[in-house]
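Please read the structure below before turning to the comments.
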Amino acid sequence: FGLLKRVNAYLGEYLSKKSRNKESFSDNCFSRSSSNSSIVTEEGLFEQPEPLASGTAVMEKILLRRSSLLRDQQQAWQESLEGREMLEFRQSLPAYKEKDTILTAILQNQVVIISGETGCGKTTQIPQFILESEIDSARGAFCSIICTQPRRISAISVSERVASERGEKLGESVGYKVRLEGIKGRDTRLLFCTTGILLRRLLVDRNLKGVTHVIVDEIHERGMNEDFLLIVLKDLLPRRPELKLILMSATLDAELFSSYFDGAPLIHIPGFTYPVRTHFLENILEMTGYRLTPSNQIDDYGQERMWKMSKQAPRKRKSQIVSSVEDALRAADFKDFSPQIQESLSCWNPDCIGFNLIEYLLSYICENERPGAVLVFMTGWDDISSLKDKLQAHPVLGDPSRVLLLTCHGSMASSEQKLIFEEPEDGVRKIVLTTNIAETSITINDVVFVLDCGKAKETSYDALNNTPCLLPSWVSKVSTQQRRGRAGRVQPGECYHLYPRCVYDAFTEYQLPEILRTPLQSLCLQIKSLKLGSISEFLSRALQSPKLLAVQNAIEYLKVIGALDENENLTVLVEPKLGKMLILGAILNCLDPVLTIVAGLSVRDPFLTPLDKKDLAETAKLQFSHDHSDHLALVRAYEGWKEAEKDLAGYDYCWKNFLSAQSMKAIDSLREEFLSLLKDTGLIDGYATSCNDWSYDQHLIRAIICYGLYPGICSVVHNEKSFSLKTMEDGPVLLYSNSVNARESRIPYPWLVFNEKIKVNSVFLRDSTAVSDSVLLLFGGSISRGDVLLNPQIVLHLHHELISAIRLLVSEDQCDGRFVFGRPD
Ligand code: CDP
Ligand code: MG
């Protein structure tokens, strides 16, 4: 284990040297290309106007020529009929009226903060103003504008919109870049990317050479990446005095940012939404005549599920906000309402998202209200999927000739995404069930009615148990206002809050920033890989610093898995879990399957579970499994896809087996990338020599997975009919339903190693592999944590044997791949 740690450290050092030229390999990108843009790698995507060192007059000439081309194209478009129509639309947006003020402020200040209501044109217009003014001044090819978005789906949809507003295809002057995907061409000067992509660029280019403007969008969300980026950019500004930083927020509370950036000027774009009538639960009940009873809430999906959960795991102490909601309810005075409504309100259950009420209200709107789309804010994907099932069974809401029922969430496919923006046929009402993604990032133009369940799934972090949580919690007042604002885009609208007014009054003003409520491991690694000094010192300079206990937990965890040494120095540059698996995979000659597993863990889950075919999809996944391992199921699925690809039937194969063809292709490319990096390190000679007859031995592969995923471990306890799972920190835990182990009644191993755990009412484990005692003992890292209750003497002896064996293997000069390490059992 110690030796492997050293090999690991060596790889880390090697990669950090290499990273001067190249990005961290786990995040390398393979981009799509548009007609005039060639396929580009991650570095290529950020290829900037070439540096104008002395003697590069030729280059300056080329850039000047490109600039005048860009200007000619822009002028031609603006003079065309379509261009003029588009310009008229743009001029109608509130942001356009502030164009001169904004451009002057940017010219005169290094940092400018702009706020304005959602839909006023911040994201689509402000980057364009800058680009157009640079192009007009005939220096267009010299500028490079990066605009960050917190979510990949908004980066893609906004770049498409901006390109079409400029009468161009993506990849001309406008492009985008999200993880594993991007379109950019030679003349791209405005790039929309996720915040993560810009952070990764900072890894290899600390000064953002060649970038002229950085626009950080949606700062009001206070996402962890954005808060982190702001600290880094604040440090960078004095080193790059000519770099401009523009921060954009959908809410007015931007003073905090202004004081963080030494009193940077604030520009507010006045709003333009139509008035929205607000209905709280009491008004809804009065208007529709719906009666709440304990039974119609117990029948609710939400309530039923909560009840099931509480049977499976003891309910934790209720959160602060729930108790303040209960206090508010107790103190509320509903005497202005009829006795029936008072009675109905007294039955209202704050734990429950009223599925029956939503169904009733939607059918009421369809029957009685004027035309207009309806936007329903739900907590997350699972609620959306259950509500959709319920609504589809309804005689009106499930009738496609009357209702176009759509969903909107972060992982939806691009085809689904486009439907949301389209207008339905006459007489058909569009209903979109959405997560809080439609609160500020995505604007659906024709919305007139909004239903707000009052909750959102919030990632949070239980620092005491070191467990990330994803629980529905009450939103803030600011979020509620944003949701309400979505109804007044095109005409006066209506907003229905599915909770009483007194509950709204108990909401907090703002949501807690993500940096204060989520685990900090990956942030700590980023601080270290960017060489930003001491983790705690760096985080103390954040807009709002996280708690010391959370920082210490993160550092401790990184030390346990060997990613940081005792002095908090980075030992690996790649995601440590993946790096560890690759190295052991190479040493034990199991590289082929391990490459697939590691690549699979770096992309989005290739096993799809479409909302309406969950059961079929989960059964399809089962056919890949005999070994109590989701990771091995992935290996099989990939092998099958690879075979099918030979007959050009990859798509069919994916379609039949509920697999994402895009993820499969990404896995394929990442495998190549990982392999070439391992070759560069000298750890392997080539693909052929890193495989042998034992390469697919499932015991060896299990050992490697265990080595990578430790300390993600839980024990399996069998009872008569099935089994239960327990981790040391959380007690009882459950498996996600799409895990192959979730359908088993017995697991013939005492342990499961897992990739990720998350708390959604109960703690759930994603992707797991069953392992034996001996595998955990040999490959499960530190024994001092008490996970393995065996005689320490035996443990030491076995560790010693393992280390000797590996030492022999590593020092073996003729180590040509014929060496078989042997099976752990
Ligand atoms: O960023 P902000 O919320 O201020 O607005 P935006 O995303 O720039 O959108 C401005 C306007 O452009 C919206 O109100 C929509 O009318 C329009 N838009 C669109 O039609 N299609 C898109 N994909 C994005 C924006
Ligand atoms: Mg926006």
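Chain identifiers are assigned as A, B, and so on, following the order in which chains appear in the structure tokens; residues are numbered from 1 within each chain, and ligands are numbered from 1 in order of appearance.
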What residues have any atom no more than 6 Å from ligand 2 when counting only C-alpha atoms and all ligand atoms, and can you list them as a PyMOL selection string?
chain A and resi 122-123+441
I need the chosen residues saved as a PDB file, in the first residue's frame, with C-alpha atoms.
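Dumped to selection-v5.pdb:
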ATOM      1  CA  LYS A 122     -28.332  39.917 -19.329  1.00  0.00           C
ATOM      2  CA  THR A 123     -27.008  36.596 -20.606  1.00  0.00           C
ATOM      3  CA  SER A 441     -31.300  30.054 -16.030  1.00  0.00           C
TER       4      SER A 441
END
Please write out the residues within 9 Å of ligand 1 as a PDB file with N, CA and C atoms, in the first residue's frame, counting only C-alpha atoms and all ligand atoms.
ATOM      1  N   PHE A  89     -36.155  42.938 -32.059  1.00  0.00           N
ATOM      2  CA  PHE A  89     -36.479  42.150 -30.863  1.00  0.00           C
ATOM      3  C   PHE A  89     -35.493  42.484 -29.743  1.00  0.00           C
ATOM      4  N   ARG A  90     -34.220  42.495 -30.098  1.00  0.00           N
ATOM      5  CA  ARG A  90     -33.201  42.734 -29.073  1.00  0.00           C
ATOM      6  C   ARG A  90     -33.377  44.117 -28.450  1.00  0.00           C
ATOM      7  N   LEU A  93     -35.665  44.534 -25.487  1.00  0.00           N
ATOM      8  CA  LEU A  93     -35.292  43.995 -24.165  1.00  0.00           C
ATOM      9  C   LEU A  93     -34.748  45.114 -23.271  1.00  0.00           C
ATOM     10  N   PRO A  94     -35.087  45.073 -21.983  1.00  0.00           N
ATOM     11  CA  PRO A  94     -34.630  46.144 -21.087  1.00  0.00           C
ATOM     12  C   PRO A  94     -33.110  46.338 -21.099  1.00  0.00           C
ATOM     13  N   ALA A  95     -32.361  45.252 -21.256  1.00  0.00           N
ATOM     14  CA  ALA A  95     -30.905  45.391 -21.206  1.00  0.00           C
ATOM     15  C   ALA A  95     -30.410  46.305 -22.323  1.00  0.00           C
ATOM     16  N   SER A 115     -27.100  43.879 -12.363  1.00  0.00           N
ATOM     17  CA  SER A 115     -28.236  43.071 -11.920  1.00  0.00           C
ATOM     18  C   SER A 115     -29.458  43.426 -12.757  1.00  0.00           C
ATOM     19  N   GLY A 116     -30.371  42.501 -12.873  1.00  0.00           N
ATOM     20  CA  GLY A 116     -31.590  42.748 -13.646  1.00  0.00           C
ATOM     21  C   GLY A 116     -32.440  41.509 -13.610  1.00  0.00           C
ATOM     22  N   GLU A 117     -33.757  41.702 -13.704  1.00  0.00           N
ATOM     23  CA  GLU A 117     -34.666  40.564 -13.593  1.00  0.00           C
ATOM     24  C   GLU A 117     -34.408  39.509 -14.664  1.00  0.00           C
ATOM     25  N   THR A 118     -34.755  38.273 -14.333  1.00  0.00           N
ATOM     26  CA  THR A 118     -34.613  37.182 -15.295  1.00  0.00           C
ATOM     27  C   THR A 118     -35.381  37.518 -16.577  1.00  0.00           C
ATOM     28  N   GLY A 119     -34.732  37.290 -17.703  1.00  0.00           N
ATOM     29  CA  GLY A 119     -35.404  37.537 -18.978  1.00  0.00           C
ATOM     30  C   GLY A 119     -35.168  38.944 -19.515  1.00  0.00           C
ATOM     31  N   CYS A 120     -34.450  39.814 -18.762  1.00  0.00           N
ATOM     32  CA  CYS A 120     -34.276  41.190 -19.232  1.00  0.00           C
ATOM     33  C   CYS A 120     -33.161  41.274 -20.280  1.00  0.00           C
ATOM     34  N   GLY A 121     -32.405  40.200 -20.462  1.00  0.00           N
ATOM     35  CA  GLY A 121     -31.406  40.188 -21.534  1.00  0.00           C
ATOM     36  C   GLY A 121     -29.966  40.236 -21.057  1.00  0.00           C
ATOM     37  N   LYS A 122     -29.718  39.885 -19.814  1.00  0.00           N
ATOM     38  CA  LYS A 122     -28.332  39.917 -19.329  1.00  0.00           C
ATOM     39  C   LYS A 122     -27.468  38.920 -20.092  1.00  0.00           C
ATOM     40  N   THR A 123     -27.878  37.642 -20.073  1.00  0.00           N
ATOM     41  CA  THR A 123     -27.008  36.596 -20.606  1.00  0.00           C
ATOM     42  C   THR A 123     -26.850  36.687 -22.120  1.00  0.00           C
ATOM     43  N   THR A 124     -27.949  36.939 -22.823  1.00  0.00           N
ATOM     44  CA  THR A 124     -27.839  36.941 -24.288  1.00  0.00           C
ATOM     45  C   THR A 124     -27.289  38.269 -24.813  1.00  0.00           C
ATOM     46  N   GLN A 125     -27.556  39.387 -24.124  1.00  0.00           N
ATOM     47  CA  GLN A 125     -27.195  40.687 -24.708  1.00  0.00           C
ATOM     48  C   GLN A 125     -25.839  41.225 -24.264  1.00  0.00           C
ATOM     49  N   ILE A 126     -25.551  41.151 -22.964  1.00  0.00           N
ATOM     50  CA  ILE A 126     -24.350  41.856 -22.493  1.00  0.00           C
ATOM     51  C   ILE A 126     -23.060  41.316 -23.131  1.00  0.00           C
ATOM     52  N   SER A 154     -27.692  25.497 -19.790  1.00  0.00           N
ATOM     53  CA  SER A 154     -27.855  26.911 -20.156  1.00  0.00           C
ATOM     54  C   SER A 154     -26.695  27.381 -21.028  1.00  0.00           C
ATOM     55  N   SER A 157     -27.783  26.229 -24.538  1.00  0.00           N
ATOM     56  CA  SER A 157     -28.952  26.880 -25.144  1.00  0.00           C
ATOM     57  C   SER A 157     -28.699  28.367 -25.368  1.00  0.00           C
ATOM     58  N   VAL A 158     -27.961  29.001 -24.460  1.00  0.00           N
ATOM     59  CA  VAL A 158     -27.690  30.428 -24.644  1.00  0.00           C
ATOM     60  C   VAL A 158     -26.752  30.665 -25.836  1.00  0.00           C
ATOM     61  N   SER A 159     -25.747  29.803 -26.001  1.00  0.00           N
ATOM     62  CA  SER A 159     -24.832  30.024 -27.126  1.00  0.00           C
ATOM     63  C   SER A 159     -25.580  29.845 -28.449  1.00  0.00           C
ATOM     64  N   GLU A 160     -26.499  28.868 -28.489  1.00  0.00           N
ATOM     65  CA  GLU A 160     -27.295  28.684 -29.718  1.00  0.00           C
ATOM     66  C   GLU A 160     -28.122  29.926 -30.006  1.00  0.00           C
ATOM     67  N   ARG A 161     -28.727  30.459 -28.938  1.00  0.00           N
ATOM     68  CA  ARG A 161     -29.572  31.646 -29.100  1.00  0.00           C
ATOM     69  C   ARG A 161     -28.740  32.838 -29.597  1.00  0.00           C
ATOM     70  N   VAL A 162     -27.577  33.059 -28.979  1.00  0.00           N
ATOM     71  CA  VAL A 162     -26.764  34.221 -29.353  1.00  0.00           C
ATOM     72  C   VAL A 162     -26.265  34.080 -30.797  1.00  0.00           C
ATOM     73  N   ASP A 217     -21.805  34.661 -14.772  1.00  0.00           N
ATOM     74  CA  ASP A 217     -23.262  34.843 -14.772  1.00  0.00           C
ATOM     75  C   ASP A 217     -23.891  34.144 -13.565  1.00  0.00           C
ATOM     76  N   GLU A 218     -25.089  34.560 -13.238  1.00  0.00           N
ATOM     77  CA  GLU A 218     -25.904  33.933 -12.182  1.00  0.00           C
ATOM     78  C   GLU A 218     -25.186  33.889 -10.838  1.00  0.00           C
ATOM     79  N   MET A 248     -22.814  39.092 -13.188  1.00  0.00           N
ATOM     80  CA  MET A 248     -24.233  39.331 -13.469  1.00  0.00           C
ATOM     81  C   MET A 248     -25.109  38.568 -12.475  1.00  0.00           C
ATOM     82  N   SER A 249     -26.147  39.247 -12.009  1.00  0.00           N
ATOM     83  CA  SER A 249     -27.017  38.657 -10.985  1.00  0.00           C
ATOM     84  C   SER A 249     -28.478  38.926 -11.313  1.00  0.00           C
ATOM     85  N   ALA A 250     -29.337  37.959 -10.994  1.00  0.00           N
ATOM     86  CA  ALA A 250     -30.769  38.165 -11.248  1.00  0.00           C
ATOM     87  C   ALA A 250     -31.456  38.820 -10.064  1.00  0.00           C
ATOM     88  N   LYS A 418     -35.507  21.522 -26.661  1.00  0.00           N
ATOM     89  CA  LYS A 418     -36.037  22.414 -27.699  1.00  0.00           C
ATOM     90  C   LYS A 418     -37.560  22.529 -27.594  1.00  0.00           C
ATOM     91  N   PHE A 421     -39.214  25.339 -25.514  1.00  0.00           N
ATOM     92  CA  PHE A 421     -39.267  26.714 -26.009  1.00  0.00           C
ATOM     93  C   PHE A 421     -40.318  26.877 -27.108  1.00  0.00           C
ATOM     94  N   THR A 440     -34.143  30.881 -12.910  1.00  0.00           N
ATOM     95  CA  THR A 440     -33.425  32.008 -13.524  1.00  0.00           C
ATOM     96  C   THR A 440     -32.639  31.632 -14.776  1.00  0.00           C
ATOM     97  N   SER A 441     -32.208  30.361 -14.918  1.00  0.00           N
ATOM     98  CA  SER A 441     -31.300  30.054 -16.030  1.00  0.00           C
ATOM     99  C   SER A 441     -32.026  29.906 -17.349  1.00  0.00           C
ATOM    100  N   ILE A 442     -33.255  29.397 -17.316  1.00  0.00           N
ATOM    101  CA  ILE A 442     -33.946  29.119 -18.569  1.00  0.00           C
ATOM    102  C   ILE A 442     -35.232  29.939 -18.591  1.00  0.00           C
ATOM    103  N   THR A 443     -35.447  30.648 -19.691  1.00  0.00           N
ATOM    104  CA  THR A 443     -36.653  31.464 -19.787  1.00  0.00           C
ATOM    105  C   THR A 443     -37.596  30.857 -20.809  1.00  0.00           C
ATOM    106  N   ILE A 444     -38.784  30.471 -20.352  1.00  0.00           N
ATOM    107  CA  ILE A 444     -39.801  29.963 -21.272  1.00  0.00           C
ATOM    108  C   ILE A 444     -40.765  31.124 -21.497  1.00  0.00           C
ATOM    109  N   ASN A 445     -40.852  31.559 -22.751  1.00  0.00           N
ATOM    110  CA  ASN A 445     -41.510  32.839 -23.010  1.00  0.00           C
ATOM    111  C   ASN A 445     -43.004  32.894 -22.736  1.00  0.00           C
ATOM    112  N   ARG A 489     -44.211  37.136 -18.020  1.00  0.00           N
ATOM    113  CA  ARG A 489     -43.281  37.420 -19.117  1.00  0.00           C
ATOM    114  C   ARG A 489     -43.973  38.101 -20.296  1.00  0.00           C
TER     115      ARG A 489
END
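Using only C-alpha atoms, the shortest contact distance between Cys502 (chain A) and any of A:Val376, A:Leu548, A:Cys408, A:Leu281 is found at A:Leu281.
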Residue neighbourhood His213 (chain A), 8 Å, only C-alpha atoms, exclusion window fewer than 4 positions, as a list in words:
Cys143, Ser144, Ile145, Ile146, Leu243, Lys244, Leu245 and Ile246 of chain A
Extract, using only C-alpha atoms, all DNA, RNA and protein residues at most 7 Å from Lys177 (chain A), discarding same-chain residues fewer than 5 positions from it, and format them as a short mmCIF file (atom, residue, chain, number, x, y, z; two decimals) with N, CA and C atoms, in the first residue's frame.
data_model
loop_
_atom_site.label_atom_id
_atom_site.label_comp_id
_atom_site.auth_asym_id
_atom_site.auth_seq_id
_atom_site.Cartn_x
_atom_site.Cartn_y
_atom_site.Cartn_z
N GLY A 182 -18.25 20.48 -27.04
CA GLY A 182 -18.07 21.91 -27.30
C GLY A 182 -18.00 22.19 -28.79
N ILE A 183 -18.34 23.42 -29.16
CA ILE A 183 -18.20 23.83 -30.55
C ILE A 183 -17.50 25.19 -30.56
N PHE A 192 -19.31 30.61 -24.43
CA PHE A 192 -20.10 30.31 -23.24
C PHE A 192 -19.60 28.98 -22.70
N CYS A 193 -19.27 28.93 -21.43
CA CYS A 193 -18.80 27.65 -20.88
C CYS A 193 -19.31 27.50 -19.45
#
With only C-alpha atoms counted and 12 Å as the cut-off, give the residues of region 202-225 of chain A in contact with region 543-547 of chain A, each with its shortest interatomic distance in Å and the pair that gives it, as a tab-separated table.
residue	atom	partner	partner_atom	distance
A:Ile219	CA	A:Leu543	CA	11.5
A:Arg222	CA	A:Leu543	CA	9.5
A:Gly223	CA	A:Leu543	CA	11.6
A:Met224	CA	A:Pro546	CA	10.6
Store the residues picked out above in a file with N, CA and C atoms, as a tab-separated table (two decimals), in the first residue's frame.
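Result file follows (out.tsv):
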chain	number	residue	atom	x	y	z
A	219	ILE	N	-24.49	34.98	-10.50
A	219	ILE	CA	-23.74	34.95	-9.23
A	219	ILE	C	-24.68	34.92	-8.03
A	222	ARG	N	-24.98	31.79	-5.86
A	222	ARG	CA	-23.93	31.50	-4.87
A	222	ARG	C	-23.51	30.03	-4.92
A	223	GLY	N	-23.32	29.54	-6.13
A	223	GLY	CA	-22.82	28.18	-6.30
A	223	GLY	C	-21.38	28.11	-5.83
A	224	MET	N	-20.95	26.90	-5.46
A	224	MET	CA	-19.60	26.73	-4.92
A	224	MET	C	-18.53	27.11	-5.95
Write out as a ChimeraX atom specification which residues come within 12 Å of Leu345 (chain A) when counting only C-alpha atoms, dropping same-chain ones fewer than 2 positions away.
/A:280-286,290-294,329-330,332-335,337-343,347-350,498-503
What are the DSSP alpha helix (DSSP H) residues of region 505-728 of chain A, as an MDAnalysis selection string?
chainID A and resid 505:506 521:529 535:539 548:560 576:587 591:602 614:622 630:646 650:656 661:681 698:709
Which residue is closest to Gly167 (chain A)? Choose from A:Arg84, A:Arg636, A:His699, A:Lys388 and count only C-alpha atoms.
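Of A:Arg84, A:Arg636, A:His699, A:Lys388, the one nearest Gly167 (chain A), counting only C-alpha atoms, is A:Arg84.
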Figure out the distance between CA of Gln392 (chain A) and CA of Asp351 (chain A), please, to one decimal in Å.
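Distance reported for this atom pair: 24.3 Å.
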I'd like the neighbourhood of Ile231 (chain A) as a list in words, where a residue qualifies if any of its atoms comes within 9 Å (using only C-alpha atoms), though same-chain residues fewer than 6 positions away should be ignored.
Phe538, Leu539, Arg541, Ala542 and Leu543 of chain A
Please save N, CA and C atoms of the selected residues as a PDB file, in the first residue's frame.
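After the write, again21.pdb holds the following:
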ATOM      1  N   PHE A 538      -6.880  30.069   2.210  1.00  0.00           N
ATOM      2  CA  PHE A 538      -7.532  30.455   0.951  1.00  0.00           C
ATOM      3  C   PHE A 538      -9.034  30.611   1.158  1.00  0.00           C
ATOM      4  N   LEU A 539      -9.634  29.612   1.831  1.00  0.00           N
ATOM      5  CA  LEU A 539     -11.088  29.658   2.001  1.00  0.00           C
ATOM      6  C   LEU A 539     -11.524  30.795   2.935  1.00  0.00           C
ATOM      7  N   ARG A 541     -10.680  33.653   2.597  1.00  0.00           N
ATOM      8  CA  ARG A 541     -10.844  34.857   1.782  1.00  0.00           C
ATOM      9  C   ARG A 541     -12.094  34.815   0.904  1.00  0.00           C
ATOM     10  N   ALA A 542     -12.952  33.805   1.114  1.00  0.00           N
ATOM     11  CA  ALA A 542     -14.176  33.701   0.304  1.00  0.00           C
ATOM     12  C   ALA A 542     -15.169  34.790   0.713  1.00  0.00           C
ATOM     13  N   LEU A 543     -16.160  35.005  -0.156  1.00  0.00           N
ATOM     14  CA  LEU A 543     -17.226  35.960   0.175  1.00  0.00           C
ATOM     15  C   LEU A 543     -17.800  35.654   1.556  1.00  0.00           C
TER      16      LEU A 543
END
Compare A:Ile437, A:Leu69, A:Val763, A:Val276 by their minimum atom-to-atom distance to Gly410 (chain A), counting only C-alpha atoms, and give me the closest one.
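Among the listed residues, the smallest separation from Gly410 (chain A) belongs to A:Ile437.
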